[in-house]
Amino acid sequence: YQDLNGVWQDIDYSITANDANKNFKFSNETNEIKSYFPENSGSKSVLMKSESGINLSWWKSPSLKLTSNGSVLSSFSAASKNGSVKGNSIVYNNVYPNISEEFQILPGGMENNTIINSLDASIRNLPSGAMMEFSQIIELKKGWKVNANGRVQSGSFESKDFFISIPGQNDVLNFSPIIVFDNNLSKNEVLNLTATPKEKLTSDQKARISEYIFQCNYVAEITSEGLKITTKLPVSWLTETKRAFPVTIDPTVTIGALTTGNFYGPITHWYGFQRHADLYLQSEVGVYGTITAIEYYKTG
């Protein structure tokens, strides 16, 4: 990344105290994307700034509702808890009863983990069909468009993922699918299982997905405040006897290019010498890990 003086520096994902910024106690600025966090949960939004000029303000007015058949049984606003920093993560413990919120700096973006450490008695005793609904607001600026299910959205929608496009920007804000998993699996196992094409999964892998992983959609509504997104988790899944806590609800937000159409690459001689960057999705590779070598076949 380039620092304030335009000098190239090695990226460091560590979150540190930011005494120079009165609005945000913690930050990661040693990166292409700058990230800022409030001292206390619920007091301010989380902020991401890209080099291309995109400012994303999210995790505004976080809340939890316990519902049954559409009726609200109880609701919680995010409690004011001090952030605790370790490496590339910041955790706000017990934002809701026995539930913490964690943010992790990743290449190109940020991961928000809602961690259910254990079930409060009030949740265990909920009626059949009850839901835990985690909500927050993403601020939308003039001209920003929310894209889901292959089209621009203007009201309420439900989708496994979505992105926000910004006028004059090649980069978009990508919200990846939500994956919920319990402590029977490691994070790497979860990423490996969910990225592997279904036809390549063994019967044992399919069983592990069915038992320990729950995938849910974003339930969203565009309001005057911005984009309200809600994650709904059935209490019945949480109270199964095989469930091992903590349970992690894991969406990821990244800032990057979204391209469609036909392209030359990786190396071509079309009216001169061209080089093209290739992006391989985890779902295309089929496993989780680090790419250490790539081999190309010459076609002409």
# chains A, B, ... in the order shown; residues from 1 in each chain; ligands from 1
>>> select_by_dssp(residues="region 1-171 of chain A", states="alpha helix (DSSP H)", output="PyMOL selection string")
chain A and resi 121-124
>>> write_last_selection(atoms="N, CA, C and O atoms", output="tab-separated table (two decimals), in the first residue's frame")
chain	number	residue	atom	x	y	z
A	121	ALA	N	-30.85	-18.63	28.90
A	121	ALA	CA	-32.05	-19.40	29.26
A	121	ALA	C	-33.29	-18.88	28.55
A	121	ALA	O	-34.18	-19.66	28.17
A	122	SER	N	-33.37	-17.58	28.35
A	122	SER	CA	-34.54	-17.00	27.68
A	122	SER	C	-34.64	-17.48	26.23
A	122	SER	O	-35.73	-17.53	25.66
A	123	ILE	N	-33.51	-17.83	25.63
A	123	ILE	CA	-33.51	-18.33	24.25
A	123	ILE	C	-33.84	-19.82	24.23
A	123	ILE	O	-34.60	-20.28	23.38
A	124	ARG	N	-33.29	-20.56	25.16
A	124	ARG	CA	-33.56	-22.00	25.22
A	124	ARG	C	-35.05	-22.30	25.42
A	124	ARG	O	-35.55	-23.32	24.97
>>> residues_around(residues="Tyr13 (chain A)", least_positions_apart="4", cutoff="9 Å", atoms="only C-alpha atoms", output="list in words")
Asn28, Glu29, Thr30, Asn31, Gly87, Asn88, Ser89, Gln104, Ile105, Leu106 and Pro107 of chain A
>>> closest_atom_pairs(of="region 168-250 of chain A", to="region 132-155 of chain A", cutoff="7 Å", atoms="only C-alpha atoms", output="JSON lines")
{"residue": "A:Glu221", "atom": "CA", "partner": "A:Gly155", "partner_atom": "CA", "distance": 5.6}
{"residue": "A:Ile222", "atom": "CA", "partner": "A:Gly155", "partner_atom": "CA", "distance": 5.2}
{"residue": "A:Glu225", "atom": "CA", "partner": "A:Glu139", "partner_atom": "CA", "distance": 6.7}
{"residue": "A:Gly226", "atom": "CA", "partner": "A:Glu139", "partner_atom": "CA", "distance": 4.6}
{"residue": "A:Leu227", "atom": "CA", "partner": "A:Ile138", "partner_atom": "CA", "distance": 5.0}
{"residue": "A:Lys228", "atom": "CA", "partner": "A:Ile137", "partner_atom": "CA", "distance": 4.4}
{"residue": "A:Ile229", "atom": "CA", "partner": "A:Ser135", "partner_atom": "CA", "distance": 5.6}
{"residue": "A:Thr230", "atom": "CA", "partner": "A:Ser135", "partner_atom": "CA", "distance": 4.3}
{"residue": "A:Thr231", "atom": "CA", "partner": "A:Phe134", "partner_atom": "CA", "distance": 5.1}
{"residue": "A:Lys232", "atom": "CA", "partner": "A:Glu133", "partner_atom": "CA", "distance": 4.5}
{"residue": "A:Leu233", "atom": "CA", "partner": "A:Met132", "partner_atom": "CA", "distance": 5.1}
{"residue": "A:Pro234", "atom": "CA", "partner": "A:Met132", "partner_atom": "CA", "distance": 6.3}
{"residue": "A:Val235", "atom": "CA", "partner": "A:Met132", "partner_atom": "CA", "distance": 6.4}
>>> residues_around(residues="region 41-54 of chain A", least_positions_apart="3", cutoff="7 Å", atoms="only C-alpha atoms", output="PyMOL selection string")
chain A and resi 32-38+57-62+78-82+92
>>> residues_around(residues="Tyr288 (chain A)", least_positions_apart="2", cutoff="10 Å", atoms="only C-alpha atoms", output="list in words")
Asn188, Glu189, Val190, Leu191, Asn192, Leu193, Thr194, Ala195, Thr196, Gln282, Ser283, Val285, Gly286, Thr290 and Ile291 of chain A
>>> write_last_selection(atoms="all heavy atoms", output="mmCIF file, in the first residue's frame")
data_model
loop_
_atom_site.group_PDB
_atom_site.id
_atom_site.type_symbol
_atom_site.label_atom_id
_atom_site.label_comp_id
_atom_site.auth_asym_id
_atom_site.auth_seq_id
_atom_site.Cartn_x
_atom_site.Cartn_y
_atom_site.Cartn_z
ATOM 1 N N ASN A 188 -11.340 -23.342 8.826
ATOM 2 C CA ASN A 188 -10.791 -23.863 7.567
ATOM 3 C C ASN A 188 -11.629 -25.009 7.015
ATOM 4 O O ASN A 188 -11.830 -25.119 5.801
ATOM 5 C CB ASN A 188 -9.348 -24.323 7.768
ATOM 6 C CG ASN A 188 -8.368 -23.171 7.785
ATOM 7 O OD1 ASN A 188 -8.730 -22.043 7.471
ATOM 8 N ND2 ASN A 188 -7.131 -23.441 8.173
ATOM 9 N N GLU A 189 -12.126 -25.883 7.902
ATOM 10 C CA GLU A 189 -12.990 -26.979 7.458
ATOM 11 C C GLU A 189 -14.269 -26.431 6.837
ATOM 12 O O GLU A 189 -14.733 -26.925 5.803
ATOM 13 C CB GLU A 189 -13.332 -27.896 8.639
ATOM 14 C CG GLU A 189 -12.207 -28.786 9.103
ATOM 15 C CD GLU A 189 -12.619 -29.648 10.279
ATOM 16 O OE1 GLU A 189 -12.898 -29.083 11.360
ATOM 17 O OE2 GLU A 189 -12.681 -30.885 10.131
ATOM 18 N N VAL A 190 -14.819 -25.412 7.467
ATOM 19 C CA VAL A 190 -16.060 -24.816 6.960
ATOM 20 C C VAL A 190 -15.840 -24.224 5.574
ATOM 21 O O VAL A 190 -16.628 -24.444 4.653
ATOM 22 C CB VAL A 190 -16.574 -23.739 7.934
ATOM 23 C CG1 VAL A 190 -17.761 -22.989 7.336
ATOM 24 C CG2 VAL A 190 -16.965 -24.371 9.254
ATOM 25 N N LEU A 191 -14.761 -23.468 5.406
ATOM 26 C CA LEU A 191 -14.466 -22.852 4.115
ATOM 27 C C LEU A 191 -14.235 -23.911 3.046
ATOM 28 O O LEU A 191 -14.674 -23.774 1.904
ATOM 29 C CB LEU A 191 -13.248 -21.942 4.239
ATOM 30 C CG LEU A 191 -13.436 -20.688 5.100
ATOM 31 C CD1 LEU A 191 -12.121 -19.948 5.261
ATOM 32 C CD2 LEU A 191 -14.488 -19.770 4.496
ATOM 33 N N ASN A 192 -13.562 -24.973 3.414
ATOM 34 C CA ASN A 192 -13.299 -26.054 2.467
ATOM 35 C C ASN A 192 -14.592 -26.742 2.048
ATOM 36 O O ASN A 192 -14.842 -26.970 0.863
ATOM 37 C CB ASN A 192 -12.332 -27.070 3.093
ATOM 38 C CG ASN A 192 -11.860 -28.112 2.093
ATOM 39 O OD1 ASN A 192 -11.903 -27.892 0.888
ATOM 40 N ND2 ASN A 192 -11.404 -29.240 2.603
ATOM 41 N N LEU A 193 -15.451 -27.044 3.021
ATOM 42 C CA LEU A 193 -16.700 -27.752 2.727
ATOM 43 C C LEU A 193 -17.652 -26.904 1.887
ATOM 44 O O LEU A 193 -18.268 -27.394 0.939
ATOM 45 C CB LEU A 193 -17.388 -28.165 4.034
ATOM 46 C CG LEU A 193 -16.737 -29.305 4.819
ATOM 47 C CD1 LEU A 193 -17.372 -29.434 6.190
ATOM 48 C CD2 LEU A 193 -16.836 -30.621 4.060
ATOM 49 N N THR A 194 -17.783 -25.629 2.239
ATOM 50 C CA THR A 194 -18.736 -24.778 1.523
ATOM 51 C C THR A 194 -18.238 -24.361 0.148
ATOM 52 O O THR A 194 -19.039 -23.957 -0.702
ATOM 53 C CB THR A 194 -19.060 -23.526 2.354
ATOM 54 O OG1 THR A 194 -17.839 -22.850 2.691
ATOM 55 C CG2 THR A 194 -19.792 -23.906 3.637
ATOM 56 N N ALA A 195 -16.923 -24.434 -0.084
ATOM 57 C CA ALA A 195 -16.379 -24.041 -1.387
ATOM 58 C C ALA A 195 -16.324 -25.204 -2.368
ATOM 59 O O ALA A 195 -16.234 -24.998 -3.574
ATOM 60 C CB ALA A 195 -14.983 -23.461 -1.219
ATOM 61 N N THR A 196 -16.389 -26.432 -1.858
ATOM 62 C CA THR A 196 -16.298 -27.595 -2.729
ATOM 63 C C THR A 196 -17.606 -27.800 -3.498
ATOM 64 O O THR A 196 -18.684 -27.779 -2.892
ATOM 65 C CB THR A 196 -15.998 -28.862 -1.900
ATOM 66 O OG1 THR A 196 -14.784 -28.649 -1.167
ATOM 67 C CG2 THR A 196 -15.849 -30.082 -2.791
ATOM 68 N N GLN A 282 -12.750 -18.778 -4.831
ATOM 69 C CA GLN A 282 -12.575 -19.988 -4.035
ATOM 70 C C GLN A 282 -13.518 -21.097 -4.519
ATOM 71 O O GLN A 282 -13.149 -22.267 -4.545
ATOM 72 C CB GLN A 282 -12.840 -19.674 -2.568
ATOM 73 C CG GLN A 282 -12.623 -20.849 -1.636
ATOM 74 C CD GLN A 282 -13.004 -20.495 -0.221
ATOM 75 O OE1 GLN A 282 -12.955 -19.352 0.177
ATOM 76 N NE2 GLN A 282 -13.395 -21.485 0.530
ATOM 77 N N SER A 283 -14.729 -20.697 -4.920
ATOM 78 C CA SER A 283 -15.699 -21.686 -5.396
ATOM 79 C C SER A 283 -15.259 -22.332 -6.706
ATOM 80 O O SER A 283 -15.640 -23.455 -7.019
ATOM 81 C CB SER A 283 -17.062 -21.019 -5.584
ATOM 82 O OG SER A 283 -16.967 -19.926 -6.477
ATOM 83 N N VAL A 285 -11.915 -22.793 -7.526
ATOM 84 C CA VAL A 285 -10.773 -23.648 -7.233
ATOM 85 C C VAL A 285 -11.244 -24.942 -6.569
ATOM 86 O O VAL A 285 -10.745 -26.034 -6.851
ATOM 87 C CB VAL A 285 -9.763 -22.897 -6.331
ATOM 88 C CG1 VAL A 285 -8.596 -23.797 -5.957
ATOM 89 C CG2 VAL A 285 -9.240 -21.661 -7.061
ATOM 90 N N GLY A 286 -12.222 -24.829 -5.662
ATOM 91 C CA GLY A 286 -12.818 -26.024 -5.058
ATOM 92 C C GLY A 286 -12.272 -26.395 -3.702
ATOM 93 O O GLY A 286 -12.821 -27.245 -3.023
ATOM 94 N N THR A 290 -3.810 -21.599 0.060
ATOM 95 C CA THR A 290 -2.989 -20.616 -0.633
ATOM 96 C C THR A 290 -2.521 -21.172 -1.965
ATOM 97 O O THR A 290 -1.991 -22.291 -2.024
ATOM 98 C CB THR A 290 -1.770 -20.240 0.228
ATOM 99 O OG1 THR A 290 -2.233 -19.740 1.478
ATOM 100 C CG2 THR A 290 -0.920 -19.180 -0.458
ATOM 101 N N ILE A 291 -2.712 -20.406 -3.037
ATOM 102 C CA ILE A 291 -2.204 -20.797 -4.353
ATOM 103 C C ILE A 291 -0.712 -20.502 -4.383
ATOM 104 O O ILE A 291 -0.290 -19.356 -4.193
ATOM 105 C CB ILE A 291 -2.934 -20.034 -5.473
ATOM 106 C CG1 ILE A 291 -4.425 -20.389 -5.465
ATOM 107 C CG2 ILE A 291 -2.323 -20.347 -6.835
ATOM 108 C CD1 ILE A 291 -5.246 -19.555 -6.428
#
>>> atom_distance(atom1="CA of Ile99 (chain A)", atom2="CA of Ser156 (chain A)")
27.3 Å
>>> residues_around(residues="Phe175 (chain A)", least_positions_apart="3", cutoff="6 Å", atoms="only C-alpha atoms", output="PyMOL selection string")
chain A and resi 161-163+252-253
>>> write_last_selection(atoms="N, CA, C and O atoms", output="PDB file, in the first residue's frame")
ATOM      1  N   ASP A 161     -26.483 -13.310  -1.392  1.00  0.00           N
ATOM      2  CA  ASP A 161     -25.420 -12.322  -1.414  1.00  0.00           C
ATOM      3  C   ASP A 161     -25.904 -11.111  -2.205  1.00  0.00           C
ATOM      4  O   ASP A 161     -26.955 -11.141  -2.838  1.00  0.00           O
ATOM      5  N   PHE A 162     -25.143 -10.025  -2.161  1.00  0.00           N
ATOM      6  CA  PHE A 162     -25.508  -8.838  -2.934  1.00  0.00           C
ATOM      7  C   PHE A 162     -24.291  -7.946  -3.042  1.00  0.00           C
ATOM      8  O   PHE A 162     -23.271  -8.149  -2.368  1.00  0.00           O
ATOM      9  N   PHE A 163     -24.362  -6.947  -3.914  1.00  0.00           N
ATOM     10  CA  PHE A 163     -23.295  -5.958  -3.977  1.00  0.00           C
ATOM     11  C   PHE A 163     -23.884  -4.579  -4.199  1.00  0.00           C
ATOM     12  O   PHE A 163     -25.012  -4.423  -4.672  1.00  0.00           O
ATOM     13  N   THR A 252     -18.914 -11.672   5.105  1.00  0.00           N
ATOM     14  CA  THR A 252     -17.690 -10.955   4.750  1.00  0.00           C
ATOM     15  C   THR A 252     -18.011  -9.831   3.782  1.00  0.00           C
ATOM     16  O   THR A 252     -18.808 -10.009   2.865  1.00  0.00           O
ATOM     17  N   VAL A 253     -17.391  -8.669   3.989  1.00  0.00           N
ATOM     18  CA  VAL A 253     -17.558  -7.516   3.101  1.00  0.00           C
ATOM     19  C   VAL A 253     -16.219  -7.187   2.464  1.00  0.00           C
ATOM     20  O   VAL A 253     -15.213  -7.031   3.167  1.00  0.00           O
TER      21      VAL A 253
END
>>> select_by_dssp(residues="region 26-98 of chain A", states="strand (DSSP E or B)", output="number ranges by chain")
A: 26-28, 34-37, 40, 46-49, 55-58, 60-68, 71-77, 82-86, 89-96
>>> closest_residue(among="A:Asn125, A:Thr16, A:Asn217, A:Asn40", to="Phe157 (chain A)", atoms="only C-alpha atoms")
A:Asn217
>>> residues_around(residues="Ile179 (chain A)", least_positions_apart="6", cutoff="8 Å", atoms="only C-alpha atoms", output="PyMOL selection string")
chain A and resi 213-216+249-251
>>> residues_around(residues="Asn184 (chain A)", least_positions_apart="2", cutoff="10 Å", atoms="only C-alpha atoms", output="list in words")
Phe181, Asp182, Ser186, Lys187, Glu189, Val190, Arg208, Glu211, Tyr212, Ile213, Lys242, Arg243, Ala244, Phe245, Pro246 and Val247 of chain A
>>> atom_distance(atom1="CA of Thr223 (chain A)", atom2="CA of Ala130 (chain A)")
25.5 Å
>>> closest_residue(among="A:Pro97, A:Pro167, A:Gly83, A:Gly256", to="Phe26 (chain A)", atoms="only C-alpha atoms")
A:Gly83
